[in-house]
file upload_25.txt (compact mmCIF, C-alpha atoms)
# COMPACT_ATOMS: atom_id res chain seq x y z
CA MET A 1190 -8.67 -13.06 -21.01
CA THR A 1191 -8.59 -14.37 -17.46
CA ASP A 1192 -9.07 -11.68 -14.83
CA ARG A 1193 -5.70 -10.49 -13.57
CA VAL A 1194 -4.87 -8.59 -10.38
CA ASN A 1195 -2.64 -5.59 -11.09
CA ILE A 1196 -0.67 -4.66 -7.98
CA VAL A 1197 1.47 -1.53 -7.69
CA VAL A 1198 3.77 -1.99 -4.68
CA GLY A 1199 5.73 0.71 -2.91
CA PHE A 1200 9.46 0.01 -3.15
CA ASP A 1201 12.08 1.64 -0.95
CA GLN A 1202 15.66 0.37 -1.13
CA ARG A 1203 16.07 0.83 2.63
CA GLU A 1204 13.64 -2.05 3.16
CA ALA A 1205 13.91 -3.84 -0.18
CA ILE A 1206 13.40 -7.22 1.45
CA ALA A 1207 9.93 -6.11 2.55
CA TYR A 1208 8.87 -5.75 -1.09
CA HIS A 1209 9.91 -9.31 -1.90
CA VAL A 1210 8.32 -10.80 1.22
CA PHE A 1211 5.04 -9.03 0.47
CA CYS A 1212 4.98 -10.24 -3.13
CA GLN A 1213 5.77 -13.79 -1.99
CA SER A 1214 2.86 -13.69 0.47
CA VAL A 1215 0.47 -12.59 -2.27
CA ILE A 1216 1.65 -15.22 -4.77
CA GLU A 1217 1.31 -18.05 -2.25
CA LYS A 1218 -2.41 -17.57 -1.77
CA ALA A 1219 -3.58 -15.96 -5.02
CA SER A 1220 -6.27 -17.82 -6.98
CA LEU A 1221 -5.93 -15.38 -9.90
CA PRO A 1222 -2.86 -14.35 -11.90
CA VAL A 1223 -1.09 -11.36 -10.37
CA GLN A 1224 1.12 -8.75 -11.98
CA PHE A 1225 3.42 -6.65 -9.80
CA LEU A 1226 4.76 -3.19 -10.60
CA PRO A 1227 7.39 -1.98 -8.11
CA LEU A 1228 6.87 1.73 -7.55
CA ASN A 1229 10.43 3.02 -7.79
CA PRO A 1230 10.71 6.81 -8.36
CA ARG A 1231 13.86 6.33 -10.44
CA SER A 1232 11.87 4.44 -13.06
CA LEU A 1233 9.12 7.05 -13.52
CA PRO A 1234 10.01 9.20 -16.55
CA GLY A 1235 8.34 12.59 -16.51
CA TYR A 1236 8.01 12.76 -12.74
CA THR A 1237 10.31 14.81 -10.52
CA GLU A 1238 9.93 14.43 -6.76
CA ARG A 1239 9.59 17.98 -5.44
CA HIS A 1240 8.20 17.14 -2.01
CA ARG A 1241 10.62 17.27 0.90
CA ASP A 1242 8.69 15.30 3.48
CA GLY A 1243 7.62 11.73 3.96
CA SER A 1244 8.98 8.56 5.52
CA ASN A 1245 9.38 6.62 2.28
CA VAL A 1246 10.27 7.37 -1.33
CA PHE A 1247 6.89 6.39 -2.78
CA ILE A 1248 4.75 8.48 -0.47
CA TYR A 1249 3.54 10.65 -3.37
CA THR A 1250 4.11 8.51 -6.45
CA ARG A 1251 1.38 6.08 -5.34
CA PHE A 1252 -1.05 8.65 -6.72
CA LEU A 1253 0.32 8.04 -10.21
CA THR A 1254 -1.19 4.55 -10.28
CA PRO A 1255 -4.02 5.46 -12.72
CA TYR A 1256 -1.48 7.25 -14.95
CA LEU A 1257 0.82 4.21 -14.92
CA MET A 1258 -2.12 2.03 -15.90
CA ASN A 1259 -2.99 4.35 -18.82
CA TYR A 1260 -6.24 5.23 -17.02
CA GLU A 1261 -7.60 1.78 -17.84
CA GLY A 1262 -9.11 -0.93 -15.68
CA TRP A 1263 -8.37 -1.41 -12.00
CA ALA A 1264 -5.21 -1.68 -9.94
CA LEU A 1265 -4.34 -2.21 -6.30
CA PHE A 1266 -1.73 -0.04 -4.62
CA ALA A 1267 -0.13 -1.37 -1.44
CA ASP A 1268 2.74 -0.18 0.72
CA GLY A 1269 5.56 -2.71 0.64
CA ASP A 1270 5.60 -3.24 4.42
CA MET A 1271 2.80 -5.80 4.47
CA ILE A 1272 2.00 -9.50 4.59
CA CYS A 1273 -0.95 -10.91 2.69
CA ASN A 1274 -2.71 -13.50 4.80
CA ALA A 1275 -5.54 -14.34 2.40
CA ASP A 1276 -6.35 -14.73 -1.28
CA ILE A 1277 -5.88 -11.32 -2.92
CA ALA A 1278 -8.73 -12.25 -5.29
CA GLU A 1279 -11.11 -11.70 -2.35
CA LEU A 1280 -10.07 -8.05 -2.24
CA TRP A 1281 -10.15 -7.77 -6.03
CA ARG A 1282 -13.78 -8.91 -6.07
CA LEU A 1283 -14.78 -5.95 -3.88
CA ARG A 1284 -14.36 -3.49 -6.81
CA ASP A 1285 -17.29 -1.08 -7.09
CA PRO A 1286 -17.43 0.70 -10.46
CA SER A 1287 -19.34 3.62 -8.94
CA LYS A 1288 -16.26 4.54 -6.86
CA ALA A 1289 -13.02 6.21 -7.96
CA VAL A 1290 -11.05 4.61 -5.13
CA MET A 1291 -11.74 2.15 -2.35
CA VAL A 1292 -9.82 2.25 0.96
CA VAL A 1293 -9.97 1.15 4.56
CA LYS A 1294 -11.27 4.24 6.35
CA HIS A 1295 -9.15 4.14 9.49
CA ASP A 1296 -10.11 6.40 12.38
CA TYR A 1297 -7.49 6.11 15.10
CA LYS A 1298 -4.79 7.88 17.07
CA THR A 1299 -1.31 6.43 16.84
CA LYS A 1300 0.37 4.75 19.80
CA ALA A 1301 3.84 5.97 18.81
CA GLU A 1302 5.34 9.41 18.20
CA THR A 1303 8.09 7.98 16.01
CA LYS A 1304 8.31 5.04 13.62
CA TYR A 1305 10.99 3.25 11.62
CA LEU A 1306 14.32 4.99 11.04
CA GLY A 1307 13.34 7.70 13.52
CA ASN A 1308 10.64 9.23 11.31
CA ARG A 1309 8.01 11.38 13.02
CA ASN A 1310 4.61 9.74 13.29
CA GLU A 1311 1.94 12.40 13.48
CA ASN A 1312 -1.82 12.12 13.62
CA TYR A 1313 -3.78 13.66 10.76
CA PRO A 1314 -7.19 13.21 9.12
CA ARG A 1315 -7.56 10.05 7.07
CA LYS A 1316 -4.26 8.69 8.32
CA ASN A 1317 -3.26 5.49 6.51
CA TRP A 1318 -6.20 5.59 4.11
CA SER A 1319 -3.76 5.77 1.21
CA SER A 1320 -1.60 2.80 2.25
CA VAL A 1321 -3.96 0.38 0.48
CA ILE A 1322 -5.92 1.78 -2.46
CA LEU A 1323 -8.12 -0.16 -4.83
CA TRP A 1324 -8.00 2.18 -7.82
CA ASN A 1325 -10.67 2.51 -10.47
CA CYS A 1326 -8.08 3.77 -12.94
CA ALA A 1327 -10.66 4.45 -15.65
CA HIS A 1328 -12.84 6.64 -13.44
CA PRO A 1329 -13.00 10.12 -15.00
CA ASP A 1330 -12.28 11.84 -11.68
CA ASN A 1331 -8.85 10.17 -11.63
CA ARG A 1332 -7.80 11.63 -14.99
CA VAL A 1333 -6.29 14.64 -13.21
CA LEU A 1334 -3.63 12.42 -11.63
CA ASP A 1335 -0.65 12.95 -13.90
CA PRO A 1336 2.97 13.76 -12.97
CA ALA A 1337 2.53 17.55 -13.09
CA PHE A 1338 -0.56 17.40 -10.87
CA VAL A 1339 1.00 15.10 -8.26
CA GLU A 1340 4.21 17.14 -8.19
CA SER A 1341 2.23 20.30 -7.45
CA LYS A 1342 -0.02 19.06 -4.62
CA ASP A 1343 0.93 18.68 -0.97
CA GLY A 1344 0.47 15.67 1.27
CA ALA A 1345 -2.70 16.91 2.93
CA PHE A 1346 -4.41 17.24 -0.45
CA LEU A 1347 -3.29 13.92 -1.88
CA HIS A 1348 -3.52 11.63 1.15
CA ARG A 1349 -6.99 12.93 1.96
CA PHE A 1350 -8.16 12.34 -1.64
CA LYS A 1351 -9.21 15.94 -2.00
CA TRP A 1352 -9.59 15.75 -5.77
CA LEU A 1353 -12.61 13.51 -5.13
CA ASP A 1354 -16.05 14.08 -3.69
CA ASP A 1355 -16.42 11.93 -0.58
CA ASP A 1356 -19.10 9.77 -2.19
CA ARG A 1357 -16.49 8.63 -4.73
CA ILE A 1358 -14.37 7.08 -1.94
CA GLY A 1359 -15.57 3.54 -1.30
CA GLU A 1360 -14.90 1.61 1.89
CA LEU A 1361 -13.03 -1.67 2.30
CA PRO A 1362 -13.22 -3.96 5.35
CA ARG A 1363 -10.57 -3.17 7.96
CA GLN A 1364 -9.16 -6.70 7.66
CA TRP A 1365 -7.61 -5.60 4.34
CA ASN A 1366 -5.33 -3.05 6.01
CA TRP A 1367 -4.80 -4.27 9.56
CA LEU A 1368 -2.34 -1.98 11.33
CA ALA A 1369 0.06 -4.09 13.38
CA ILE A 1370 0.76 -2.67 16.87
CA GLU A 1371 -1.80 0.10 16.33
CA TYR A 1372 -4.59 -2.52 16.33
CA GLU A 1373 -4.76 -5.58 18.57
CA PRO A 1374 -3.47 -8.78 16.92
CA SER A 1375 -6.24 -10.55 15.03
CA PRO A 1376 -6.42 -13.95 13.32
CA ASP A 1377 -8.92 -12.38 10.92
CA ALA A 1378 -6.42 -9.87 9.49
CA LYS A 1379 -6.13 -10.50 5.75
CA LEU A 1380 -3.53 -7.86 4.92
CA VAL A 1381 -1.24 -7.05 7.84
CA HIS A 1382 0.39 -3.63 7.59
CA TYR A 1383 3.54 -3.00 9.63
CA THR A 1384 3.00 0.75 9.48
CA LEU A 1385 5.28 1.62 12.40
CA GLY A 1386 8.12 -0.54 11.15
CA THR A 1387 8.60 -3.71 9.17
CA PRO A 1388 10.14 -6.53 11.24
CA CYS A 1389 13.17 -6.34 8.95
CA PHE A 1390 14.26 -3.43 11.17
CA ALA A 1391 15.88 -4.39 14.47
CA ASP A 1392 13.57 -2.16 16.52
CA TYR A 1393 10.49 -4.00 15.21
CA ARG A 1394 11.86 -7.53 14.89
CA ASP A 1395 9.82 -8.90 17.78
CA THR A 1396 6.74 -6.67 17.80
CA GLU A 1397 3.11 -7.79 17.56
CA MET A 1398 2.32 -9.99 14.54
CA ALA A 1399 5.99 -9.97 13.51
CA GLU A 1400 5.97 -13.77 13.45
CA LEU A 1401 3.83 -13.66 10.30
CA TRP A 1402 6.44 -11.54 8.54
CA HIS A 1403 9.36 -13.70 9.66
CA ALA A 1404 7.54 -16.80 8.43
CA GLY A 1405 7.04 -15.06 5.09
CA LEU A 1406 10.72 -14.15 4.99
CA GLY A 1407 11.64 -17.77 5.60
CA ARG A 1408 9.50 -18.93 2.68
CA THR A 1409 10.91 -16.16 0.45
CA THR A 1410 14.51 -17.18 1.10
CA GLU A 1411 13.90 -20.92 1.31
CA GLY A 1412 16.64 -22.85 -0.47
CA LEU A 1413 19.13 -20.00 -0.60
CA GLY A 1414 22.62 -21.00 0.38
CA LYS A 1415 21.99 -24.73 -0.06
call {"tool": "encode", "arguments": {"input": "upload_25.txt", "output": "structure tokens"}}
result
Amino acid sequence: MTDRVNIVVGFDQREAIAYHVFCQSVIEKASLPVQFLPLNPRSLPGYTERHRDGSNVFIYTRFLTPYLMNYEGWALFADGDMICNADIAELWRLRDPSKAVMVVKHDYKTKAETKYLGNRNENYPRKNWSSVILWNCAHPDNRVLDPAFVESKDGAFLHRFKWLDDDRIGELPRQWNWLAIEYEPSPDAKLVHYTLGTPCFADYRDTEMAELWHAGLGRTTEGLGK
């Protein structure tokens, strides 16, 4: 069977358009077949969201990716507030079977105390590491990630990948999770992440690198209303 890129995408109804724009941007440039799974907590039988923090509804369910893939093969998790600016197959080819996960290992301090919809934006270790995760779903260390486990662990444990030894966390190039506004605009950014706020929100409509998102929106809605 032809290699296929499995992509689990965070979905939050408050910015539903962001999900569709992201998927469009991936499809446009993909040289391999892609399969999308929208991560909607309402469609996850067996999981009850017990956490009471977080700026989006999929902040914890992203860690169920190996479980959703039946602990087989590989999958990419991505927040929905992104634009893919390159062939996703390039990222897919970076899989390292010796690693349980692969992430961009950001090391930065945020420029903003708040982000979209007035959510607090605090600094913490390994901030934004979990916003793009290339998952080795079959890795034995990821077998612990089932609904009961994820329900019981707090954000510090999960977002810092504390169930793993550090040598099981592989590193991806920063271009594959480029933080708009937090980082200077770059033509080399392959996956632009609007972590402070997707340009679908009025407060972020005209921020740095927003033009890429608006262009993606235009292509997503092309032909509507004609």
call {"tool": "atom_distance", "arguments": {"input": "upload_25.txt", "atom1": "CA of Gln1202 in chain A", "atom2": "CA of Met1271 in chain A"}}
result
15.3 Å
call {"tool": "residues_around", "arguments": {"input": "upload_25.txt", "residues": "Asp1354 in chain A", "least_positions_apart": "5", "cutoff": "12 Å", "atoms": "all atoms listed in the file", "output": "PDB file with C-alpha atoms, in the coordinates of the input"}}
result
ATOM      1  CA  LYS A1288     -16.260   4.540  -6.860  1.00  0.00           C
ATOM      2  CA  ALA A1289     -13.020   6.210  -7.960  1.00  0.00           C
ATOM      3  CA  VAL A1290     -11.050   4.610  -5.130  1.00  0.00           C
ATOM      4  CA  ASP A1330     -12.280  11.840 -11.680  1.00  0.00           C
ATOM      5  CA  ASN A1331      -8.850  10.170 -11.630  1.00  0.00           C
ATOM      6  CA  ARG A1349      -6.990  12.930   1.960  1.00  0.00           C
ATOM      7  CA  GLY A1359     -15.570   3.540  -1.300  1.00  0.00           C
TER       8      GLY A1359
END
call {"tool": "atom_distance", "arguments": {"input": "upload_25.txt", "atom1": "CA of Ile1196 in chain A", "atom2": "CA of Lys1316 in chain A"}}
result
21.4 Å
call {"tool": "closest_residue", "arguments": {"input": "upload_25.txt", "among": "A:Asn1274, A:Asn1229, A:Asn1308, A:Gln1224", "to": "Trp1402 in chain A", "atoms": "only C-alpha atoms"}}
result
A:Asn1274
call {"tool": "residues_near_point", "arguments": {"input": "upload_25.txt", "point": "(3.4, 10.6, 3.4)", "cutoff": "12 Å", "atoms": "only C-alpha atoms", "output": "count of residues only"}}
result
35
call {"tool": "atom_distance", "arguments": {"input": "upload_25.txt", "atom1": "CA of Asp1285 in chain A", "atom2": "CA of Pro1222 in chain A"}}
result
20.2 Å
call {"tool": "residues_around", "arguments": {"input": "upload_25.txt", "residues": "Ser1220 in chain A", "least_positions_apart": "4", "cutoff": "10 Å", "atoms": "all atoms listed in the file", "output": "list in words"}}
result
Arg1193, Val1194, Val1215, Ile1216, Asp1276, Ile1277, Ala1278 and Glu1279 of chain A
call {"tool": "closest_residue", "arguments": {"input": "upload_25.txt", "among": "A:Ala1205, A:Leu1257, A:Cys1212, A:Ala1337", "to": "Arg1408 in chain A", "atoms": "all atoms listed in the file"}}
result
A:Cys1212
call {"tool": "residues_around", "arguments": {"input": "upload_25.txt", "residues": "Ala1264 in chain A", "least_positions_apart": "2", "cutoff": "12 Å", "atoms": "all atoms listed in the file", "output": "PyMOL selection string"}}
result
chain A and resi 1192-1198+1223-1226+1251-1262+1266-1267+1277+1280-1282+1284+1289-1291+1321-1328
call {"tool": "residues_around", "arguments": {"input": "upload_25.txt", "residues": "His1382 in chain A", "least_positions_apart": "5", "cutoff": "6 Å", "atoms": "all atoms listed in the file", "output": "PyMOL selection string"}}
result
chain A and resi 1271+1366-1369
call {"tool": "closest_residue", "arguments": {"input": "upload_25.txt", "among": "A:Val1339, A:Val1333, A:Ala1275, A:Leu1353", "to": "Lys1379 in chain A", "atoms": "only C-alpha atoms"}}
result
A:Ala1275
call {"tool": "residues_around", "arguments": {"input": "upload_25.txt", "residues": "Leu1361 in chain A", "least_positions_apart": "3", "cutoff": "8 Å", "atoms": "all atoms listed in the file", "output": "PDB file with C-alpha atoms, in the coordinates of the input"}}
result
ATOM      1  CA  LEU A1283     -14.780  -5.950  -3.880  1.00  0.00           C
ATOM      2  CA  MET A1291     -11.740   2.150  -2.350  1.00  0.00           C
ATOM      3  CA  VAL A1292      -9.820   2.250   0.960  1.00  0.00           C
ATOM      4  CA  VAL A1293      -9.970   1.150   4.560  1.00  0.00           C
ATOM      5  CA  LYS A1294     -11.270   4.240   6.350  1.00  0.00           C
ATOM      6  CA  TRP A1365      -7.610  -5.600   4.340  1.00  0.00           C
TER       7      TRP A1365
END
call {"tool": "closest_residue", "arguments": {"input": "upload_25.txt", "among": "A:Ala1378, A:Asp1201, A:Lys1218, A:Glu1411", "to": "Pro1230 in chain A", "atoms": "only C-alpha atoms"}}
result
A:Asp1201
call {"tool": "closest_residue", "arguments": {"input": "upload_25.txt", "among": "A:Ala1301, A:Ala1404, A:Ile1272, A:Ala1399", "to": "Gln1364 in chain A", "atoms": "all atoms listed in the file"}}
result
A:Ile1272
call {"tool": "decode", "arguments": {"input": "upload_25.txt", "residues": "range 1270-1409 of chain A", "atoms": "C-alpha atoms", "output": "compact mmCIF listing (two decimals), in the first residue's frame"}}
result
# COMPACT_ATOMS: atom_id res chain seq x y z
CA ASP A 1270 -4.44 27.03 14.00
CA MET A 1271 -1.78 26.49 11.35
CA ILE A 1272 -0.96 26.87 7.68
CA CYS A 1273 1.14 24.29 5.88
CA ASN A 1274 3.56 26.02 3.55
CA ALA A 1275 5.37 22.92 2.24
CA ASP A 1276 4.83 19.30 1.29
CA ILE A 1277 3.78 17.43 4.45
CA ALA A 1278 5.61 14.38 3.07
CA GLU A 1279 8.87 16.18 3.92
CA LEU A 1280 7.90 16.10 7.59
CA TRP A 1281 6.64 12.52 7.32
CA ARG A 1282 10.03 11.39 6.02
CA LEU A 1283 11.71 12.61 9.23
CA ARG A 1284 10.26 9.69 11.25
CA ASP A 1285 12.87 8.04 13.47
CA PRO A 1286 11.79 4.60 14.73
CA SER A 1287 14.08 4.90 17.76
CA LYS A 1288 11.93 7.77 19.10
CA ALA A 1289 8.50 7.63 20.74
CA VAL A 1290 7.67 11.18 19.65
CA MET A 1291 9.33 13.88 17.58
CA VAL A 1292 8.70 17.59 18.24
CA VAL A 1293 10.13 21.04 17.67
CA LYS A 1294 11.94 21.77 20.93
CA HIS A 1295 11.07 25.43 21.38
CA ASP A 1296 12.97 27.42 23.99
CA TYR A 1297 11.49 30.90 24.20
CA LYS A 1298 9.64 33.40 26.36
CA THR A 1299 6.32 34.63 25.05
CA LYS A 1300 5.82 38.21 23.89
CA ALA A 1301 2.20 38.34 25.10
CA GLU A 1302 0.55 37.78 28.49
CA THR A 1303 -2.78 36.93 26.87
CA LYS A 1304 -3.81 35.24 23.63
CA TYR A 1305 -7.00 34.61 21.69
CA LEU A 1306 -10.34 34.98 23.47
CA GLY A 1307 -8.57 36.52 26.47
CA ASN A 1308 -6.84 33.30 27.55
CA ARG A 1309 -3.80 33.63 29.80
CA ASN A 1310 -0.50 32.93 28.07
CA GLU A 1311 2.04 31.77 30.61
CA ASN A 1312 5.60 30.62 30.18
CA TYR A 1313 6.40 27.06 31.21
CA PRO A 1314 9.03 24.41 30.37
CA ARG A 1315 8.67 22.87 26.94
CA LYS A 1316 6.04 25.38 25.92
CA ASN A 1317 4.49 24.55 22.54
CA TRP A 1318 6.40 21.27 22.16
CA SER A 1319 3.08 19.43 22.03
CA SER A 1320 1.47 21.60 19.34
CA VAL A 1321 3.07 19.49 16.59
CA ILE A 1322 3.84 15.88 17.47
CA LEU A 1323 5.08 13.21 15.11
CA TRP A 1324 3.88 10.13 16.99
CA ASN A 1325 5.45 6.69 16.82
CA CYS A 1326 2.13 5.13 17.83
CA ALA A 1327 3.58 1.62 17.99
CA HIS A 1328 6.38 2.56 20.38
CA PRO A 1329 5.94 0.54 23.59
CA ASP A 1330 6.43 3.61 25.80
CA ASN A 1331 3.26 5.11 24.31
CA ARG A 1332 1.07 2.15 25.31
CA VAL A 1333 0.26 3.88 28.61
CA LEU A 1334 -1.65 6.60 26.76
CA ASP A 1335 -5.24 5.48 27.09
CA PRO A 1336 -8.31 7.49 28.18
CA ALA A 1337 -7.97 6.65 31.89
CA PHE A 1338 -4.30 7.64 31.93
CA VAL A 1339 -4.81 10.94 30.10
CA GLU A 1340 -7.81 11.83 32.27
CA SER A 1341 -5.72 11.34 35.41
CA LYS A 1342 -2.61 13.35 34.49
CA ASP A 1343 -2.20 17.12 34.69
CA GLY A 1344 -0.95 19.48 32.02
CA ALA A 1345 2.59 19.71 33.34
CA PHE A 1346 3.00 15.94 33.10
CA LEU A 1347 1.47 15.51 29.67
CA HIS A 1348 2.78 18.57 27.82
CA ARG A 1349 6.30 17.91 29.07
CA PHE A 1350 6.13 14.26 27.92
CA LYS A 1351 6.94 13.01 31.39
CA TRP A 1352 5.97 9.43 30.63
CA LEU A 1353 9.04 9.29 28.38
CA ASP A 1354 12.76 9.33 29.00
CA ASP A 1355 14.23 12.39 27.31
CA ASP A 1356 16.19 10.29 24.82
CA ARG A 1357 12.86 9.04 23.44
CA ILE A 1358 11.88 12.59 22.41
CA GLY A 1359 13.26 13.30 18.94
CA GLU A 1360 13.78 16.76 17.52
CA LEU A 1361 12.21 18.30 14.43
CA PRO A 1362 13.49 21.39 12.59
CA ARG A 1363 11.94 24.62 13.87
CA GLN A 1364 10.54 25.36 10.40
CA TRP A 1365 7.91 22.68 11.08
CA ASN A 1366 6.34 24.63 13.94
CA TRP A 1367 7.11 28.28 13.27
CA LEU A 1368 5.41 30.44 15.90
CA ALA A 1369 3.92 33.49 14.21
CA ILE A 1370 4.49 36.76 16.14
CA GLU A 1371 6.66 34.94 18.69
CA TYR A 1372 9.29 34.36 15.98
CA GLU A 1373 10.28 36.82 13.27
CA PRO A 1374 8.52 36.24 9.93
CA SER A 1375 10.46 33.78 7.78
CA PRO A 1376 10.05 32.65 4.17
CA ASP A 1377 11.53 29.31 5.26
CA ALA A 1378 8.66 28.49 7.65
CA LYS A 1379 7.07 25.23 6.50
CA LEU A 1380 4.32 24.99 9.10
CA VAL A 1381 3.20 28.37 10.42
CA HIS A 1382 1.55 28.19 13.84
CA TYR A 1383 -0.68 31.09 14.90
CA THR A 1384 -0.26 30.19 18.56
CA LEU A 1385 -1.36 33.56 19.94
CA GLY A 1386 -4.45 33.74 17.75
CA THR A 1387 -5.56 32.55 14.35
CA PRO A 1388 -6.24 35.43 11.93
CA CYS A 1389 -9.89 34.34 11.92
CA PHE A 1390 -10.15 36.34 15.16
CA ALA A 1391 -10.49 40.11 14.77
CA ASP A 1392 -7.63 40.85 17.16
CA TYR A 1393 -5.20 38.84 15.02
CA ARG A 1394 -6.55 39.55 11.55
CA ASP A 1395 -3.60 41.72 10.51
CA THR A 1396 -0.74 40.32 12.59
CA GLU A 1397 2.58 38.99 11.29
CA MET A 1398 2.27 36.25 8.64
CA ALA A 1399 -1.52 36.59 8.68
CA GLU A 1400 -1.49 37.09 4.91
CA LEU A 1401 -0.61 33.41 4.47
CA TRP A 1402 -3.68 32.39 6.43
CA HIS A 1403 -6.00 34.77 4.58
CA ALA A 1404 -4.70 33.46 1.26
CA GLY A 1405 -5.44 29.94 2.48
CA LEU A 1406 -8.93 31.00 3.52
CA GLY A 1407 -9.53 32.43 0.08
CA ARG A 1408 -8.55 29.15 -1.59
CA THR A 1409 -10.69 27.18 0.89
